[in-house]
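query.cif (mmCIF, C-alpha atoms)
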data_query
loop_
_atom_site.group_PDB
_atom_site.id
_atom_site.type_symbol
_atom_site.label_atom_id
_atom_site.label_comp_id
_atom_site.auth_asym_id
_atom_site.auth_seq_id
_atom_site.Cartn_x
_atom_site.Cartn_y
_atom_site.Cartn_z
ATOM 1 C CA MET A 20 33.592 -147.450 -33.216
ATOM 2 C CA GLY A 21 33.133 -144.662 -30.680
ATOM 3 C CA ASP A 22 35.829 -143.746 -28.179
ATOM 4 C CA ILE A 23 38.798 -146.114 -28.233
ATOM 5 C CA LEU A 24 40.517 -146.670 -24.906
ATOM 6 C CA ARG A 25 43.982 -148.209 -24.911
ATOM 7 C CA TYR A 26 45.559 -149.637 -21.782
ATOM 8 C CA TYR A 27 49.345 -149.596 -21.704
ATOM 9 C CA SER A 28 51.985 -151.465 -19.737
ATOM 10 C CA HIS A 29 54.867 -149.650 -18.048
ATOM 11 C CA SER A 30 56.990 -150.433 -21.086
ATOM 12 C CA GLY A 31 54.534 -148.608 -23.343
ATOM 13 C CA LYS A 32 53.034 -151.688 -25.007
ATOM 14 C CA VAL A 33 49.275 -151.853 -25.557
ATOM 15 C CA LYS A 34 47.872 -154.534 -23.256
ATOM 16 C CA ALA A 35 44.174 -154.123 -24.050
ATOM 17 C CA VAL A 36 41.759 -152.094 -26.151
ATOM 18 C CA SER A 37 38.180 -151.077 -25.382
ATOM 19 C CA THR A 38 35.624 -149.303 -27.589
ATOM 20 C CA SER A 39 32.877 -147.382 -25.837
ATOM 21 C CA ARG A 40 30.092 -147.557 -28.413
ATOM 22 C CA GLU A 41 30.092 -151.282 -29.172
ATOM 23 C CA LYS A 42 31.506 -152.165 -25.720
ATOM 24 C CA ARG A 43 34.049 -154.425 -27.406
ATOM 25 C CA LYS A 44 37.095 -155.618 -25.514
ATOM 26 C CA LEU A 45 40.367 -156.939 -26.812
ATOM 27 C CA ILE A 46 43.339 -158.220 -24.829
ATOM 28 C CA THR A 47 46.637 -158.287 -26.672
ATOM 29 C CA ASP A 48 49.480 -160.755 -26.215
ATOM 30 C CA ASN A 49 51.360 -158.018 -24.342
ATOM 31 C CA ALA A 50 49.153 -158.551 -21.286
ATOM 32 C CA GLU A 51 51.031 -160.417 -18.574
ATOM 33 C CA HIS A 52 47.880 -161.120 -16.533
ATOM 34 C CA PRO A 53 44.834 -161.174 -18.835
ATOM 35 C CA GLU A 54 42.660 -162.587 -16.052
ATOM 36 C CA VAL A 55 43.219 -159.406 -14.015
ATOM 37 C CA ILE A 56 42.095 -157.278 -16.959
ATOM 38 C CA CYS A 57 38.978 -159.446 -17.297
ATOM 39 C CA ARG A 58 38.125 -159.002 -13.625
ATOM 40 C CA TRP A 59 38.705 -155.267 -13.953
ATOM 41 C CA TRP A 60 36.347 -155.048 -16.935
ATOM 42 C CA ASP A 61 33.750 -157.204 -15.192
ATOM 43 C CA ASN A 62 33.810 -154.802 -12.275
ATOM 44 C CA PHE A 63 32.508 -152.019 -14.535
ATOM 45 C CA PHE A 64 29.300 -154.001 -14.973
ATOM 46 C CA GLU A 65 28.576 -154.234 -11.247
ATOM 47 C CA LEU A 66 25.363 -152.282 -10.694
ATOM 48 C CA ASP A 67 26.915 -149.912 -8.139
ATOM 49 C CA ASN A 68 29.630 -148.885 -10.591
ATOM 50 C CA SER A 69 27.251 -148.655 -13.535
ATOM 51 C CA VAL A 70 24.873 -146.418 -11.598
ATOM 52 C CA MET A 71 27.748 -144.248 -10.340
ATOM 53 C CA SER A 72 28.994 -143.728 -13.892
ATOM 54 C CA GLN A 73 25.715 -141.966 -14.659
ATOM 55 C CA HIS A 74 24.507 -140.500 -11.373
ATOM 56 C CA GLY A 75 27.487 -139.609 -9.183
ATOM 57 C CA VAL A 76 29.582 -140.862 -6.297
ATOM 58 C CA LEU A 77 28.019 -143.473 -4.021
ATOM 59 C CA ASP A 78 27.470 -142.325 -0.417
ATOM 60 C CA GLU A 79 28.079 -138.713 -1.420
ATOM 61 C CA VAL A 80 25.193 -137.800 -3.725
ATOM 62 C CA LEU A 81 23.971 -141.304 -4.553
ATOM 63 C CA PHE A 82 22.672 -143.586 -1.799
ATOM 64 C CA LYS A 83 21.817 -147.277 -1.912
ATOM 65 C CA GLN A 84 18.762 -148.209 0.133
ATOM 66 C CA GLU A 85 18.141 -151.433 2.059
ATOM 67 C CA ASP A 86 15.755 -152.659 -0.637
ATOM 68 C CA GLY A 87 18.508 -152.345 -3.270
ATOM 69 C CA SER A 88 17.107 -149.185 -4.841
ATOM 70 C CA TYR A 89 19.116 -145.997 -5.312
ATOM 71 C CA THR A 90 18.284 -142.423 -4.385
ATOM 72 C CA ARG A 91 20.144 -139.310 -5.474
ATOM 73 C CA ILE A 92 20.155 -135.921 -3.754
ATOM 74 C CA ASP A 93 19.890 -132.586 -5.524
ATOM 75 C CA ILE A 94 23.539 -131.619 -6.100
ATOM 76 C CA THR A 95 22.605 -127.988 -6.816
ATOM 77 C CA LYS A 96 22.237 -127.563 -3.045
ATOM 78 C CA GLU A 97 25.725 -128.932 -2.399
ATOM 79 C CA SER A 98 29.101 -127.174 -2.465
ATOM 80 C CA GLN A 99 30.716 -126.185 -5.763
ATOM 81 C CA GLU A 100 33.351 -128.887 -5.265
ATOM 82 C CA VAL A 101 30.722 -131.620 -4.876
ATOM 83 C CA GLN A 102 28.771 -130.307 -7.865
ATOM 84 C CA GLU A 103 31.833 -130.380 -10.108
ATOM 85 C CA ARG A 104 32.891 -133.848 -8.944
ATOM 86 C CA ASN A 105 29.431 -135.261 -9.664
ATOM 87 C CA ASP A 106 28.637 -133.312 -12.813
ATOM 88 C CA TRP A 107 27.636 -135.633 -15.659
ATOM 89 C CA GLY A 108 30.506 -134.377 -17.800
ATOM 90 C CA ASN A 109 33.007 -135.516 -15.168
ATOM 91 C CA LEU A 110 31.578 -139.016 -14.676
ATOM 92 C CA TRP A 111 33.042 -140.468 -17.892
ATOM 93 C CA ALA A 112 29.679 -142.070 -18.615
ATOM 94 C CA GLN A 113 30.363 -141.795 -22.333
ATOM 95 C CA SER A 114 33.530 -143.917 -22.086
ATOM 96 C CA LEU A 115 33.060 -146.572 -19.416
ATOM 97 C CA PRO A 116 31.153 -149.792 -20.086
ATOM 98 C CA LYS A 117 28.125 -150.254 -17.885
ATOM 99 C CA TYR A 118 25.050 -152.379 -17.279
ATOM 100 C CA ILE A 119 21.747 -150.756 -16.361
ATOM 101 C CA PRO A 120 18.790 -153.197 -16.072
ATOM 102 C CA GLU A 121 15.762 -152.485 -18.232
ATOM 103 C CA GLY A 122 13.306 -150.217 -16.434
ATOM 104 C CA PHE A 123 15.862 -149.205 -13.798
ATOM 105 C CA LYS A 124 15.184 -145.778 -12.286
ATOM 106 C CA ILE A 125 16.654 -143.639 -9.540
ATOM 107 C CA LYS A 126 14.082 -142.845 -6.864
ATOM 108 C CA GLU A 127 12.969 -139.325 -6.020
ATOM 109 C CA GLU A 128 15.741 -137.098 -4.804
ATOM 110 C CA LEU A 129 16.379 -136.905 -1.089
ATOM 111 C CA GLU A 130 16.886 -133.693 0.789
ATOM 112 C CA PRO A 131 20.590 -133.094 1.488
ATOM 113 C CA VAL A 132 21.845 -134.366 4.839
ATOM 114 C CA TYR A 133 22.636 -130.737 5.702
ATOM 115 C CA ASN A 134 19.784 -128.374 4.845
ATOM 116 C CA GLU A 135 21.429 -124.965 4.597
ATOM 117 C CA THR A 136 18.171 -123.035 4.197
ATOM 118 C CA GLU A 137 16.557 -124.643 7.236
ATOM 119 C CA TYR A 138 19.631 -124.012 9.387
ATOM 120 C CA ARG A 139 19.935 -120.387 8.255
ATOM 121 C CA ASP A 140 16.282 -119.710 9.026
ATOM 122 C CA SER A 141 16.616 -121.225 12.508
ATOM 123 C CA VAL A 142 19.536 -118.879 13.272
ATOM 124 C CA TYR A 143 17.853 -115.692 12.063
ATOM 125 C CA GLU A 144 14.268 -116.397 13.119
ATOM 126 C CA PRO A 145 14.664 -115.306 16.795
ATOM 127 C CA TYR A 146 15.796 -111.866 15.588
ATOM 128 C CA MET A 147 13.127 -111.282 12.976
ATOM 129 C CA THR A 148 10.699 -108.412 13.495
ATOM 130 C CA GLU A 149 6.969 -108.782 13.009
ATOM 131 C CA LYS A 150 6.842 -105.667 10.854
ATOM 132 C CA CYS A 151 9.236 -104.058 8.435
ATOM 133 C CA VAL A 152 11.615 -101.593 10.042
ATOM 134 C CA PRO A 153 10.695 -98.142 8.667
ATOM 135 C CA ASP A 154 13.310 -96.163 6.784
ATOM 136 C CA GLN A 155 14.883 -93.369 8.773
ATOM 137 C CA TRP A 156 15.547 -90.154 6.898
ATOM 138 C CA PRO A 157 17.902 -87.767 8.735
ATOM 139 C CA ASP A 158 17.025 -84.110 8.779
ATOM 140 C CA LEU A 159 19.059 -81.683 6.692
ATOM 141 C CA GLU A 160 20.461 -80.041 9.811
ATOM 142 C CA HIS A 161 22.566 -83.110 10.624
ATOM 143 C CA SER A 162 23.157 -84.522 7.134
ATOM 144 C CA GLU A 163 26.733 -83.226 6.860
ATOM 145 C CA GLU A 164 27.682 -84.530 10.306
ATOM 146 C CA ILE A 165 26.108 -87.906 9.514
ATOM 147 C CA ALA A 166 28.109 -88.161 6.286
ATOM 148 C CA GLU A 167 31.370 -87.463 8.144
ATOM 149 C CA LEU A 168 30.567 -89.980 10.891
ATOM 150 C CA GLU A 169 29.577 -92.616 8.355
ATOM 151 C CA ALA A 170 32.774 -92.176 6.336
ATOM 152 C CA SER A 171 35.004 -92.457 9.419
ATOM 153 C CA ILE A 172 33.175 -95.452 10.866
ATOM 154 C CA LYS A 173 32.997 -97.391 7.593
ATOM 155 C CA ASP A 174 36.672 -96.740 6.806
ATOM 156 C CA TYR A 175 37.692 -98.024 10.229
ATOM 157 C CA ILE A 176 35.508 -101.132 9.945
ATOM 158 C CA THR A 177 36.894 -101.895 6.475
ATOM 159 C CA GLN A 178 40.498 -101.531 7.677
ATOM 160 C CA CYS A 179 39.921 -103.860 10.636
ATOM 161 C CA GLN A 180 38.150 -106.464 8.518
ATOM 162 C CA ALA A 181 41.023 -106.440 6.015
ATOM 163 C CA LYS A 182 43.597 -107.049 8.774
ATOM 164 C CA TRP A 183 41.555 -109.893 10.273
ATOM 165 C CA VAL A 184 40.953 -111.602 6.945
ATOM 166 C CA ALA A 185 44.628 -111.285 5.983
ATOM 167 C CA GLY A 186 45.689 -112.739 9.333
ATOM 168 C CA GLN A 187 47.612 -109.594 10.255
ATOM 169 C CA SER A 188 45.696 -109.232 13.490
ATOM 170 C CA ASP A 189 43.620 -111.389 15.843
ATOM 171 C CA ILE A 190 39.941 -110.465 15.969
ATOM 172 C CA ASN A 191 39.449 -111.918 19.454
ATOM 173 C CA ALA A 192 42.367 -109.980 20.893
ATOM 174 C CA ASP A 193 41.323 -106.781 19.104
ATOM 175 C CA TRP A 194 37.592 -106.916 19.768
ATOM 176 C CA ASP A 195 37.314 -104.793 22.918
ATOM 177 C CA GLY A 196 39.616 -102.128 21.494
ATOM 178 C CA TYR A 197 37.680 -102.256 18.232
ATOM 179 C CA LEU A 198 34.409 -101.462 20.013
ATOM 180 C CA GLU A 199 36.046 -98.687 22.043
ATOM 181 C CA GLN A 200 37.373 -97.050 18.891
ATOM 182 C CA LEU A 201 33.930 -97.204 17.273
ATOM 183 C CA ASP A 202 32.538 -95.366 20.280
ATOM 184 C CA LYS A 203 35.276 -92.730 19.952
ATOM 185 C CA LEU A 204 34.397 -92.284 16.290
ATOM 186 C CA GLY A 205 30.835 -91.423 17.294
ATOM 187 C CA LEU A 206 28.983 -94.672 16.638
ATOM 188 C CA ASP A 207 26.304 -93.928 19.252
ATOM 189 C CA GLN A 208 25.619 -90.507 17.762
ATOM 190 C CA TYR A 209 25.553 -91.937 14.250
ATOM 191 C CA LEU A 210 23.055 -94.644 15.218
ATOM 192 C CA GLU A 211 20.895 -92.096 16.985
ATOM 193 C CA TYR A 212 20.759 -89.958 13.867
ATOM 194 C CA LYS A 213 19.931 -93.013 11.766
ATOM 195 C CA GLY A 214 17.227 -94.156 14.156
ATOM 196 C CA ALA A 215 18.960 -97.483 14.696
ATOM 197 C CA VAL A 216 19.494 -99.467 17.870
ATOM 198 C CA LYS A 217 22.988 -100.434 18.994
ATOM 199 C CA ALA A 218 23.437 -104.150 19.682
ATOM 200 C CA GLU A 219 24.682 -104.962 23.163
#

Using structure tokens, write down the structure from this file.
Amino acid sequence: MGDILRYYSHSGKVKAVSTSREKRKLITDNAEHPEVICRWWDNFFELDNSVMSQHGVLDEVLFKQEDGSYTRIDITKESQEVQERNDWGNLWAQSLPKYIPEGFKIKEELEPVYNETEYRDSVYEPYMTEKCVPDQWPDLEHSEEIAELEASIKDYITQCQAKWVAGQSDINADWDGYLEQLDKLGLDQYLEYKGAVKAE
């Protein structure tokens, strides 16, 4: 018979029974308002609900067009929360009754409303170089000094980041002092050795 769904009253009595495979419905004499149960079951067969049971939440990943057709976006480009909410295994498609017209198809997937890749590229593009930045290899004469500078600078940066992330300090209030301390630790000298350019 497939999955058997039982609907209970507050008193624990079975009011109705539904089987998923044969789509059979049964209302028991415990139901106080059988007409409400009938309307509830009928609602499953509305096309919007039937399509959602297989393809995801309407107006989130599934969109109904003016001509009555449906289009679904690629959920792999959405957040983890949206992906989990609209994953086929979470849609209960195997248990809910539904009506899908013969030949019905979802149209080609739309691009997400927010295109993360396009936005990211637009932010970084002004700072891209035409050629690859060559690797800078420090000479042996300064290798020990570079290692000491790098250790001090990285330790300080890591400590500050940890405080900001943990909410123990305010990054905006600390910023000027943070830059001053980096200068004291020899950031300019370190960047010079590494052949890098300090951002203003």

**Asked** How many Å lie between CA of Arg104 in chain A and CA of Asp78 in chain A, rounded to one decimal?
**Response**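 The value is 13.2 Å.
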
**One-decimal distance in Å that lies between CA of Phe64 in chain A and CA of Tyr118 in chain A** = 5.1 Å

**Request:** Excluding Val76 in chain A and any residue of its chain fewer than 3 positions from it, enumerate the residues within 12 Å of it, using all atoms listed in the file, and give them as number ranges by chain.
**Result:** A: 67-73, 79-83, 89-92, 94, 101-107, 109-110

**Item:** Distance of CA of Ser171 in chain A from CA of Trp194 in chain A, expressed in Å to one decimal place
**Value:**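 It comes out at 18.0 Å.
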
**Request:** Please work out which residues fall within 12 Å of (30.4, -94.6, 8.6), coordinates as given in the file, with all atoms listed in the file counting, and return them as number ranges by chain.
**Result:** A: 164-177, 201-202, 204-210, 212-213
